[in-house]
Structures are given as C-alpha cells and as structure tokens.
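Undergrad: Contents of target.pdb (PDB, C-alpha atoms) are below:
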MODEL        1
ATOM      1  CA  MET A   1    -127.118  69.413-183.603  1.00  0.00           C
ATOM      2  CA  ARG A   2    -130.082  71.563-182.714  1.00  0.00           C
ATOM      3  CA  ILE A   3    -133.761  70.688-182.703  1.00  0.00           C
ATOM      4  CA  VAL A   4    -136.309  73.418-183.426  1.00  0.00           C
ATOM      5  CA  VAL A   5    -140.079  73.597-183.622  1.00  0.00           C
ATOM      6  CA  ASP A   6    -140.661  74.040-187.339  1.00  0.00           C
ATOM      7  CA  ASP A   7    -143.505  75.793-189.185  1.00  0.00           C
ATOM      8  CA  LEU A   8    -143.158  73.535-192.240  1.00  0.00           C
ATOM      9  CA  SER A   9    -142.488  76.397-194.618  1.00  0.00           C
ATOM     10  CA  GLY A  10    -138.850  75.818-195.551  1.00  0.00           C
ATOM     11  CA  THR A  11    -138.024  74.218-198.882  1.00  0.00           C
ATOM     12  CA  ALA A  12    -135.544  71.756-197.345  1.00  0.00           C
ATOM     13  CA  VAL A  13    -138.117  70.454-194.863  1.00  0.00           C
ATOM     14  CA  ILE A  14    -140.878  70.297-197.485  1.00  0.00           C
ATOM     15  CA  GLY A  15    -138.538  68.411-199.830  1.00  0.00           C
ATOM     16  CA  LEU A  16    -137.609  65.912-197.105  1.00  0.00           C
ATOM     17  CA  LEU A  17    -141.270  65.294-196.286  1.00  0.00           C
ATOM     18  CA  GLU A  18    -142.175  64.847-199.961  1.00  0.00           C
ATOM     19  CA  ALA A  19    -139.360  62.312-200.329  1.00  0.00           C
ATOM     20  CA  HIS A  20    -140.524  60.612-197.119  1.00  0.00           C
ATOM     21  CA  LEU A  21    -144.085  60.203-198.431  1.00  0.00           C
ATOM     22  CA  ALA A  22    -142.835  58.925-201.780  1.00  0.00           C
ATOM     23  CA  GLU A  23    -140.620  56.352-200.092  1.00  0.00           C
ATOM     24  CA  MET A  24    -143.484  55.203-197.853  1.00  0.00           C
ATOM     25  CA  VAL A  25    -145.602  54.566-200.967  1.00  0.00           C
ATOM     26  CA  GLU A  26    -142.687  52.675-202.568  1.00  0.00           C
ATOM     27  CA  ASN A  27    -142.361  50.378-199.543  1.00  0.00           C
ATOM     28  CA  SER A  28    -145.974  49.774-198.484  1.00  0.00           C
ATOM     29  CA  PRO A  29    -149.310  49.393-200.248  1.00  0.00           C
ATOM     30  CA  GLU A  30    -151.059  52.762-200.536  1.00  0.00           C
ATOM     31  CA  GLU A  31    -153.811  51.763-198.092  1.00  0.00           C
ATOM     32  CA  SER A  32    -151.116  50.933-195.506  1.00  0.00           C
ATOM     33  CA  VAL A  33    -149.317  54.286-195.712  1.00  0.00           C
ATOM     34  CA  HIS A  34    -150.167  56.345-192.642  1.00  0.00           C
ATOM     35  CA  ALA A  35    -147.637  59.168-193.011  1.00  0.00           C
ATOM     36  CA  LEU A  36    -149.128  62.642-192.689  1.00  0.00           C
ATOM     37  CA  ASP A  37    -148.877  65.111-195.550  1.00  0.00           C
ATOM     38  CA  LEU A  38    -148.057  68.803-194.981  1.00  0.00           C
ATOM     39  CA  GLU A  39    -151.674  69.663-194.254  1.00  0.00           C
ATOM     40  CA  GLY A  40    -151.885  66.877-191.663  1.00  0.00           C
ATOM     41  CA  LEU A  41    -148.643  67.961-190.020  1.00  0.00           C
ATOM     42  CA  ARG A  42    -149.870  71.558-189.758  1.00  0.00           C
ATOM     43  CA  LYS A  43    -152.909  70.646-187.654  1.00  0.00           C
ATOM     44  CA  PRO A  44    -153.045  72.151-184.147  1.00  0.00           C
ATOM     45  CA  GLU A  45    -152.733  68.767-182.409  1.00  0.00           C
ATOM     46  CA  VAL A  46    -149.358  68.167-184.106  1.00  0.00           C
ATOM     47  CA  THR A  47    -145.983  69.626-183.119  1.00  0.00           C
ATOM     48  CA  PHE A  48    -143.306  69.262-185.786  1.00  0.00           C
ATOM     49  CA  TRP A  49    -139.545  69.510-185.213  1.00  0.00           C
ATOM     50  CA  SER A  50    -136.637  69.729-187.596  1.00  0.00           C
ATOM     51  CA  VAL A  51    -133.059  68.813-186.700  1.00  0.00           C
ATOM     52  CA  TRP A  52    -130.178  70.894-188.009  1.00  0.00           C
ATOM     53  CA  GLU A  53    -126.420  70.631-188.088  1.00  0.00           C
ATOM     54  CA  GLY A  54    -125.350  74.166-188.790  1.00  0.00           C
ATOM     55  CA  ASP A  55    -127.435  75.260-191.773  1.00  0.00           C
ATOM     56  CA  GLU A  56    -127.946  71.708-193.016  1.00  0.00           C
ATOM     57  CA  LEU A  57    -131.195  69.849-192.428  1.00  0.00           C
ATOM     58  CA  ALA A  58    -130.498  66.534-190.670  1.00  0.00           C
ATOM     59  CA  GLY A  59    -133.999  65.172-190.020  1.00  0.00           C
ATOM     60  CA  CYS A  60    -137.498  65.713-188.717  1.00  0.00           C
ATOM     61  CA  GLY A  61    -140.261  64.232-186.608  1.00  0.00           C
ATOM     62  CA  ALA A  62    -143.589  65.086-185.049  1.00  0.00           C
ATOM     63  CA  LEU A  63    -145.753  64.454-182.010  1.00  0.00           C
ATOM     64  CA  LYS A  64    -149.507  64.182-182.456  1.00  0.00           C
ATOM     65  CA  GLU A  65    -151.852  64.398-179.491  1.00  0.00           C
ATOM     66  CA  LEU A  66    -154.386  61.574-179.656  1.00  0.00           C
ATOM     67  CA  ASP A  67    -156.006  62.531-176.357  1.00  0.00           C
ATOM     68  CA  PRO A  68    -154.824  64.325-173.193  1.00  0.00           C
ATOM     69  CA  THR A  69    -152.949  61.206-172.015  1.00  0.00           C
ATOM     70  CA  HIS A  70    -151.745  59.643-175.267  1.00  0.00           C
ATOM     71  CA  GLY A  71    -149.404  60.897-178.001  1.00  0.00           C
ATOM     72  CA  GLU A  72    -148.219  59.441-181.294  1.00  0.00           C
ATOM     73  CA  ILE A  73    -144.855  59.808-183.008  1.00  0.00           C
ATOM     74  CA  LYS A  74    -145.266  60.788-186.680  1.00  0.00           C
ATOM     75  CA  SER A  75    -143.056  61.571-189.678  1.00  0.00           C
ATOM     76  CA  MET A  76    -139.694  60.513-188.280  1.00  0.00           C
ATOM     77  CA  ARG A  77    -137.119  60.919-191.017  1.00  0.00           C
ATOM     78  CA  THR A  78    -133.360  61.369-191.269  1.00  0.00           C
ATOM     79  CA  VAL A  79    -131.692  62.889-194.330  1.00  0.00           C
ATOM     80  CA  ALA A  80    -129.786  60.099-196.117  1.00  0.00           C
ATOM     81  CA  ALA A  81    -126.410  61.841-195.743  1.00  0.00           C
ATOM     82  CA  MET A  82    -126.978  62.090-191.963  1.00  0.00           C
ATOM     83  CA  GLN A  83    -128.020  58.482-191.305  1.00  0.00           C
ATOM     84  CA  GLY A  84    -125.992  56.685-188.662  1.00  0.00           C
ATOM     85  CA  ARG A  85    -125.116  59.904-186.830  1.00  0.00           C
ATOM     86  CA  GLY A  86    -127.721  59.722-184.059  1.00  0.00           C
ATOM     87  CA  VAL A  87    -130.257  62.148-185.546  1.00  0.00           C
ATOM     88  CA  ALA A  88    -133.259  59.867-185.028  1.00  0.00           C
ATOM     89  CA  ALA A  89    -132.195  58.855-181.506  1.00  0.00           C
ATOM     90  CA  LEU A  90    -131.780  62.513-180.552  1.00  0.00           C
ATOM     91  CA  LEU A  91    -135.209  63.361-181.916  1.00  0.00           C
ATOM     92  CA  VAL A  92    -136.970  60.392-180.300  1.00  0.00           C
ATOM     93  CA  GLY A  93    -135.473  61.521-176.998  1.00  0.00           C
ATOM     94  CA  ARG A  94    -136.863  65.028-177.505  1.00  0.00           C
ATOM     95  CA  ILE A  95    -140.308  63.695-178.410  1.00  0.00           C
ATOM     96  CA  ILE A  96    -140.386  61.441-175.326  1.00  0.00           C
ATOM     97  CA  GLU A  97    -139.314  64.392-173.168  1.00  0.00           C
ATOM     98  CA  GLN A  98    -142.023  66.604-174.685  1.00  0.00           C
ATOM     99  CA  ALA A  99    -144.682  63.908-174.224  1.00  0.00           C
ATOM    100  CA  ARG A 100    -143.759  63.624-170.536  1.00  0.00           C
ATOM    101  CA  GLU A 101    -143.881  67.410-170.125  1.00  0.00           C
ATOM    102  CA  ARG A 102    -147.395  67.396-171.608  1.00  0.00           C
ATOM    103  CA  GLY A 103    -148.466  64.805-169.062  1.00  0.00           C
ATOM    104  CA  TYR A 104    -149.026  61.977-171.517  1.00  0.00           C
ATOM    105  CA  GLU A 105    -149.117  58.549-169.929  1.00  0.00           C
ATOM    106  CA  ARG A 106    -148.410  56.685-173.169  1.00  0.00           C
ATOM    107  CA  LEU A 107    -146.580  57.317-176.426  1.00  0.00           C
ATOM    108  CA  SER A 108    -147.308  55.119-179.455  1.00  0.00           C
ATOM    109  CA  LEU A 109    -146.384  54.821-183.113  1.00  0.00           C
ATOM    110  CA  GLU A 110    -147.056  52.933-186.323  1.00  0.00           C
ATOM    111  CA  THR A 111    -144.284  51.936-188.683  1.00  0.00           C
ATOM    112  CA  GLY A 112    -143.960  49.582-191.614  1.00  0.00           C
ATOM    113  CA  ALA A 113    -143.457  45.835-191.346  1.00  0.00           C
ATOM    114  CA  THR A 114    -141.141  45.166-194.307  1.00  0.00           C
ATOM    115  CA  ASP A 115    -137.349  44.912-194.058  1.00  0.00           C
ATOM    116  CA  PHE A 116    -137.072  48.546-195.165  1.00  0.00           C
ATOM    117  CA  PHE A 117    -138.492  49.594-191.773  1.00  0.00           C
ATOM    118  CA  ALA A 118    -136.317  47.277-189.620  1.00  0.00           C
ATOM    119  CA  PRO A 119    -133.905  50.074-188.584  1.00  0.00           C
ATOM    120  CA  ALA A 120    -136.865  52.136-187.336  1.00  0.00           C
ATOM    121  CA  VAL A 121    -138.247  49.198-185.349  1.00  0.00           C
ATOM    122  CA  ARG A 122    -134.815  48.673-183.747  1.00  0.00           C
ATOM    123  CA  LEU A 123    -134.549  52.394-182.901  1.00  0.00           C
ATOM    124  CA  TYR A 124    -137.926  52.409-181.185  1.00  0.00           C
ATOM    125  CA  ALA A 125    -137.186  49.161-179.311  1.00  0.00           C
ATOM    126  CA  ARG A 126    -133.907  50.665-178.020  1.00  0.00           C
ATOM    127  CA  ASN A 127    -135.984  53.569-176.700  1.00  0.00           C
ATOM    128  CA  GLY A 128    -138.375  51.406-174.698  1.00  0.00           C
ATOM    129  CA  PHE A 129    -141.160  50.824-177.213  1.00  0.00           C
ATOM    130  CA  THR A 130    -142.745  47.382-177.429  1.00  0.00           C
ATOM    131  CA  ARG A 131    -145.162  45.949-179.956  1.00  0.00           C
ATOM    132  CA  CYS A 132    -148.828  46.443-179.247  1.00  0.00           C
ATOM    133  CA  ARG A 133    -152.237  46.127-180.832  1.00  0.00           C
ATOM    134  CA  PRO A 134    -153.504  48.888-183.131  1.00  0.00           C
ATOM    135  CA  PHE A 135    -154.400  52.088-181.302  1.00  0.00           C
ATOM    136  CA  ALA A 136    -156.486  55.167-182.132  1.00  0.00           C
ATOM    137  CA  ASP A 137    -158.119  54.664-185.554  1.00  0.00           C
ATOM    138  CA  TYR A 138    -155.641  52.060-186.817  1.00  0.00           C
ATOM    139  CA  ILE A 139    -156.719  48.522-187.712  1.00  0.00           C
ATOM    140  CA  GLU A 140    -154.752  45.273-187.962  1.00  0.00           C
ATOM    141  CA  ASP A 141    -152.610  45.400-191.079  1.00  0.00           C
ATOM    142  CA  PRO A 142    -149.871  42.965-192.127  1.00  0.00           C
ATOM    143  CA  TYR A 143    -147.875  45.944-193.425  1.00  0.00           C
ATOM    144  CA  SER A 144    -147.907  47.789-190.089  1.00  0.00           C
ATOM    145  CA  ILE A 145    -146.140  47.366-186.770  1.00  0.00           C
ATOM    146  CA  PHE A 146    -147.658  49.154-183.788  1.00  0.00           C
ATOM    147  CA  MET A 147    -145.476  50.034-180.802  1.00  0.00           C
ATOM    148  CA  THR A 148    -146.042  51.825-177.518  1.00  0.00           C
ATOM    149  CA  ARG A 149    -144.391  52.718-174.235  1.00  0.00           C
ATOM    150  CA  GLU A 150    -145.583  53.931-170.883  1.00  0.00           C
ATOM    151  CA  LEU A 151    -144.248  57.284-169.774  1.00  0.00           C
TER
ENDMDL
END
What does the file become when written as structure tokens?
TA:
Amino acid sequence: MRIVVDDLSGTAVIGLLEAHLAEMVENSPEESVHALDLEGLRKPEVTFWSVWEGDELAGCGALKELDPTHGEIKSMRTVAAMQGRGVAALLVGRIIEQARERGYERLSLETGATDFFAPAVRLYARNGFTRCRPFADYIEDPYSIFMTREL
C-alpha cells in the first residue's frame, strides 16, 4: 500500500469523504459531528493523505495543525472492502511520524462515543492515545471521546 498527499480532487476520494460525513450524521447527533467537509480539509493548516493499493482507494486521513506544538487527526476512514487489512494502522503511523517531523509535542483527536466508533477507539488506544478532556474549541459532549498522546 502507498500513502500519498492528496489534493482532494479525485472522485474516489470525494465519494469516500461524502460517505464518511453521511455515516457520521447517521451515528451521532448533528451538533456532535465534527468531521471536516471538503472545504475544511482543503485549508492550509490541514494535510490530507489517501491510501492506495494499486489503483484502488483504500482509505484516507488528515492532520490539522492546532498550533505549532499540537496537531489533530481528522477524517480517518477506511473503504469498507479494505477494513481489517491494516489501512488505518498504517495511516495513523504516518500521521504520528509527520507530527513528530513537524515538531509537535502532542497529537489529539475526537471520535464518537457510540458502539459504532469502538473500533476507532481501540485503534487509537493501540497507538498510544489515551482519553483526555476536550481540547482546542471542543466542549464536553456525551457523544464524543477525546484522546491524546505525547510525542
């Protein structure tokens, strides 16, 4: 599998992100959905990667700079047909590596709190993330889990 910085112009990536947003709305109240749309992912403080196996899209994820020492993982998603093949773990590793290269001291994330999000919580825990209080502009929300790790 290869990971590439993506300009968010390809139809496969756009389709995956649209499905991602729709599924977030299906599994959390609208006011608790914090996924970025295409415009949000195209901002200069965000780097977006796509993961490919040959010519087939396998997944995506992003790193948002919150400040010069703190980054946030955004828009992690694996294509359904690729789940269970290590796509997300590979991408989390790349994002952690990139955050370290940028000199971040901390990497954080927000994910959902319902059973639907349990695999994501387990993935992040396996990669050294622990639960924390809300960070950046987030507020306490029973539908959100906040996690962080020191780099």
Undergrad: So what does the PyMOL selection byres ((chain A and resi 16) around 10) actually pick up in this one, as an NGL selection string?
TA: :A and (11-15 or 17-22 or 57-60 or 77-80)
Undergrad: Could you state which residues are captured by the PyMOL selection byres ((chain A and resi 28-41) around 9) in this file, as a count of residues only?
TA: 31
Undergrad: I'd like the contact shell of Arg149 (chain A) - 10 Å cut-off, all atoms listed in the file, skipping same-chain residues fewer than 4 positions apart - returned as a list in words.
TA: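 After dropping sequence-adjacent residues, the list is Ile96, Glu105, Arg106, Leu107, Ser108, Leu109, Tyr124, Ala125, Asn127, Gly128, Phe129, Thr130, Arg131 and Cys132 of chain A.
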Undergrad: When the PyMOL selection byres ((chain A and resi 50) around 6) is applied to the structure above, which residues does it catch, written out as a list of chain:residue names?
TA: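 So the PyMOL selection byres ((chain A and resi 50) around 6), applied here, picks out A:Ile3, A:Val4, A:Asp6, A:Trp49, A:Val51, A:Gly59, A:Cys60.
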Undergrad: If the box runs along x, y and z of the file and leaves 6 Å on each side of region 80-91 of chain A, what are its centre and edge lengths in Å, one decimal, as JSON?
TA:
{"center_x": -130.2, "center_y": 60.0, "center_z": -188.3, "size_x": 22.1, "size_y": 18.7, "size_z": 27.6}
Undergrad: What is the CA of Met76 (chain A) to CA of Glu97 (chain A) distance in Å?
TA: 15.6 Å
Undergrad: Taking (-130.3, 57.0, -186.9) in the file's own coordinates, collect the residues within 9 Å, counting all atoms listed in the file, and hand them back as a PDB file with C-alpha atoms, in the coordinates of the input.
TA:
ATOM      1  CA  ARG A  77    -137.119  60.919-191.017  1.00  0.00           C
ATOM      2  CA  THR A  78    -133.360  61.369-191.269  1.00  0.00           C
ATOM      3  CA  MET A  82    -126.978  62.090-191.963  1.00  0.00           C
ATOM      4  CA  GLN A  83    -128.020  58.482-191.305  1.00  0.00           C
ATOM      5  CA  GLY A  84    -125.992  56.685-188.662  1.00  0.00           C
ATOM      6  CA  ARG A  85    -125.116  59.904-186.830  1.00  0.00           C
ATOM      7  CA  GLY A  86    -127.721  59.722-184.059  1.00  0.00           C
ATOM      8  CA  VAL A  87    -130.257  62.148-185.546  1.00  0.00           C
ATOM      9  CA  ALA A  88    -133.259  59.867-185.028  1.00  0.00           C
ATOM     10  CA  ALA A  89    -132.195  58.855-181.506  1.00  0.00           C
ATOM     11  CA  LEU A  90    -131.780  62.513-180.552  1.00  0.00           C
ATOM     12  CA  PRO A 119    -133.905  50.074-188.584  1.00  0.00           C
ATOM     13  CA  ALA A 120    -136.865  52.136-187.336  1.00  0.00           C
ATOM     14  CA  LEU A 123    -134.549  52.394-182.901  1.00  0.00           C
TER      15      LEU A 123
END
Undergrad: Between A:Arg2, A:Ile139, A:Gly103, A:Gly10, single out the one closest to His70 (chain A), counting all atoms listed in the file.
TA: A:Gly103
Undergrad: Just the number, please: distance in Å from CA of Arg94 (chain A) to CA of Met1 (chain A), one decimal.
TA: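 Those two atoms sit 12.3 Å apart.
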Undergrad: To one decimal in Å, tell me the separation between CA of Glu53 (chain A) and CA of Ile73 (chain A).
TA: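 Separating CA of Glu53 (chain A) from CA of Ile73 (chain A) is a distance of 22.0 Å.
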Undergrad: Considering all atoms listed in the file, state which residue in the set A:Val92, A:Leu63, A:Ala118, A:Ala99 is at the smallest distance from Glu150 (chain A).
TA: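 Looking at the shortest contact to Glu150 (chain A), the residue is A:Ala99.
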Undergrad: Using all atoms listed in the file, which of the listed residues (A:Gly61, A:Pro68, A:Phe116, A:Met147) sits closest to Gly93 (chain A)?
TA: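 Among the listed residues, A:Gly61 lies closest to Gly93 (chain A).
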Undergrad: Go through A:Arg126, A:Thr148, A:Glu56, A:Arg133 one by one, measure the shortest atom-to-atom distance of each to Glu72 (chain A) using all atoms listed in the file, and give the residue with the smallest value.
TA: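 Ranked by minimum distance to Glu72 (chain A), first place goes to A:Thr148.
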Undergrad: Taking the block just given, write region 51-149 of chain A to a file that holds C-alpha atoms, as an mmCIF file, in the first residue's frame.
TA:
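As a result, out05.cif now contains:
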data_model
loop_
_atom_site.group_PDB
_atom_site.id
_atom_site.type_symbol
_atom_site.label_atom_id
_atom_site.label_comp_id
_atom_site.auth_asym_id
_atom_site.auth_seq_id
_atom_site.Cartn_x
_atom_site.Cartn_y
_atom_site.Cartn_z
ATOM 1 C CA VAL A 51 -4.023 5.317 0.884
ATOM 2 C CA TRP A 52 -3.942 3.211 -2.263
ATOM 3 C CA GLU A 53 -3.496 -0.433 -3.112
ATOM 4 C CA GLY A 54 -2.603 -0.335 -6.763
ATOM 5 C CA ASP A 55 -5.239 1.880 -8.370
ATOM 6 C CA GLU A 56 -7.813 1.178 -5.667
ATOM 7 C CA LEU A 57 -8.526 3.677 -2.910
ATOM 8 C CA ALA A 58 -8.083 2.018 0.498
ATOM 9 C CA GLY A 59 -8.590 4.917 2.921
ATOM 10 C CA CYS A 60 -7.776 8.449 3.965
ATOM 11 C CA GLY A 61 -6.881 10.665 6.892
ATOM 12 C CA ALA A 62 -5.685 14.145 7.725
ATOM 13 C CA LEU A 63 -3.521 16.101 10.135
ATOM 14 C CA LYS A 64 -4.650 19.550 11.229
ATOM 15 C CA GLU A 65 -2.259 21.946 12.925
ATOM 16 C CA LEU A 66 -3.907 23.432 16.007
ATOM 17 C CA ASP A 67 -0.810 25.392 16.998
ATOM 18 C CA PRO A 68 2.948 24.965 16.430
ATOM 19 C CA THR A 69 3.134 22.232 19.100
ATOM 20 C CA HIS A 70 -0.222 20.472 18.769
ATOM 21 C CA GLY A 71 -1.842 18.560 15.896
ATOM 22 C CA GLU A 72 -5.197 16.851 15.461
ATOM 23 C CA ILE A 73 -6.060 13.723 13.496
ATOM 24 C CA LYS A 74 -9.091 14.294 11.237
ATOM 25 C CA SER A 75 -11.151 12.345 8.699
ATOM 26 C CA MET A 76 -9.732 8.874 9.262
ATOM 27 C CA ARG A 77 -11.640 6.468 7.057
ATOM 28 C CA THR A 78 -11.077 3.046 5.518
ATOM 29 C CA VAL A 79 -13.002 1.844 2.467
ATOM 30 C CA ALA A 80 -15.381 -0.920 3.612
ATOM 31 C CA ALA A 81 -13.818 -3.543 1.320
ATOM 32 C CA MET A 82 -10.380 -2.788 2.832
ATOM 33 C CA GLN A 83 -11.334 -2.936 6.520
ATOM 34 C CA GLY A 84 -9.286 -5.336 8.611
ATOM 35 C CA ARG A 85 -6.244 -5.065 6.340
ATOM 36 C CA GLY A 86 -4.225 -2.558 8.372
ATOM 37 C CA VAL A 87 -5.065 0.567 6.358
ATOM 38 C CA ALA A 88 -5.962 2.695 9.383
ATOM 39 C CA ALA A 89 -2.973 1.491 11.427
ATOM 40 C CA LEU A 90 -0.637 2.307 8.539
ATOM 41 C CA LEU A 91 -2.117 5.775 8.191
ATOM 42 C CA VAL A 92 -2.075 6.547 11.923
ATOM 43 C CA GLY A 93 1.605 5.613 11.901
ATOM 44 C CA ARG A 94 2.258 8.036 9.039
ATOM 45 C CA ILE A 95 0.357 10.835 10.775
ATOM 46 C CA ILE A 96 2.285 10.297 14.029
ATOM 47 C CA GLU A 97 5.553 10.309 12.072
ATOM 48 C CA GLN A 98 4.575 13.527 10.279
ATOM 49 C CA ALA A 99 3.523 15.194 13.544
ATOM 50 C CA ARG A 100 6.919 14.364 15.065
ATOM 51 C CA GLU A 101 8.722 15.711 11.991
ATOM 52 C CA ARG A 102 6.790 18.977 12.363
ATOM 53 C CA GLY A 103 7.935 19.252 15.962
ATOM 54 C CA TYR A 104 4.528 18.785 17.549
ATOM 55 C CA GLU A 105 4.644 17.827 21.203
ATOM 56 C CA ARG A 106 1.102 16.442 21.275
ATOM 57 C CA LEU A 107 -1.315 14.796 18.866
ATOM 58 C CA SER A 108 -5.030 14.669 19.715
ATOM 59 C CA LEU A 109 -8.317 13.566 18.198
ATOM 60 C CA GLU A 110 -12.068 13.478 18.687
ATOM 61 C CA THR A 111 -14.138 10.449 17.800
ATOM 62 C CA GLY A 112 -17.650 9.280 18.532
ATOM 63 C CA ALA A 113 -18.759 7.611 21.748
ATOM 64 C CA THR A 114 -21.324 5.096 20.455
ATOM 65 C CA ASP A 115 -20.571 1.436 19.724
ATOM 66 C CA PHE A 116 -20.140 2.300 16.040
ATOM 67 C CA PHE A 117 -16.889 4.104 16.935
ATOM 68 C CA ALA A 118 -15.461 1.380 19.232
ATOM 69 C CA PRO A 119 -13.051 0.032 16.569
ATOM 70 C CA ALA A 120 -11.614 3.541 16.124
ATOM 71 C CA VAL A 121 -11.161 3.978 19.878
ATOM 72 C CA ARG A 122 -9.341 0.620 20.044
ATOM 73 C CA LEU A 123 -7.103 1.593 17.098
ATOM 74 C CA TYR A 124 -6.094 4.856 18.737
ATOM 75 C CA ALA A 125 -5.512 3.182 22.123
ATOM 76 C CA ARG A 126 -3.222 0.608 20.444
ATOM 77 C CA ASN A 127 -1.253 3.554 19.054
ATOM 78 C CA GLY A 128 -0.655 5.195 22.424
ATOM 79 C CA PHE A 129 -3.624 7.552 22.658
ATOM 80 C CA THR A 130 -5.399 7.940 25.989
ATOM 81 C CA ARG A 131 -8.643 9.675 26.853
ATOM 82 C CA CYS A 132 -8.414 13.329 27.739
ATOM 83 C CA ARG A 133 -10.537 16.395 28.302
ATOM 84 C CA PRO A 134 -11.778 18.398 25.308
ATOM 85 C CA PHE A 135 -9.038 20.339 23.545
ATOM 86 C CA ALA A 136 -8.958 23.272 21.112
ATOM 87 C CA ASP A 137 -12.529 24.532 20.581
ATOM 88 C CA TYR A 138 -14.266 21.305 21.624
ATOM 89 C CA ILE A 139 -16.612 21.157 24.616
ATOM 90 C CA GLU A 140 -17.760 18.243 26.779
ATOM 91 C CA ASP A 141 -20.192 16.143 24.780
ATOM 92 C CA PRO A 142 -21.625 12.731 25.693
ATOM 93 C CA TYR A 143 -21.335 11.752 22.019
ATOM 94 C CA SER A 144 -17.601 12.495 21.815
ATOM 95 C CA ILE A 145 -14.455 10.808 23.068
ATOM 96 C CA PHE A 146 -11.310 12.927 23.180
ATOM 97 C CA MET A 147 -7.900 11.253 23.051
ATOM 98 C CA THR A 148 -4.322 12.483 23.021
ATOM 99 C CA ARG A 149 -0.724 11.326 23.151
#
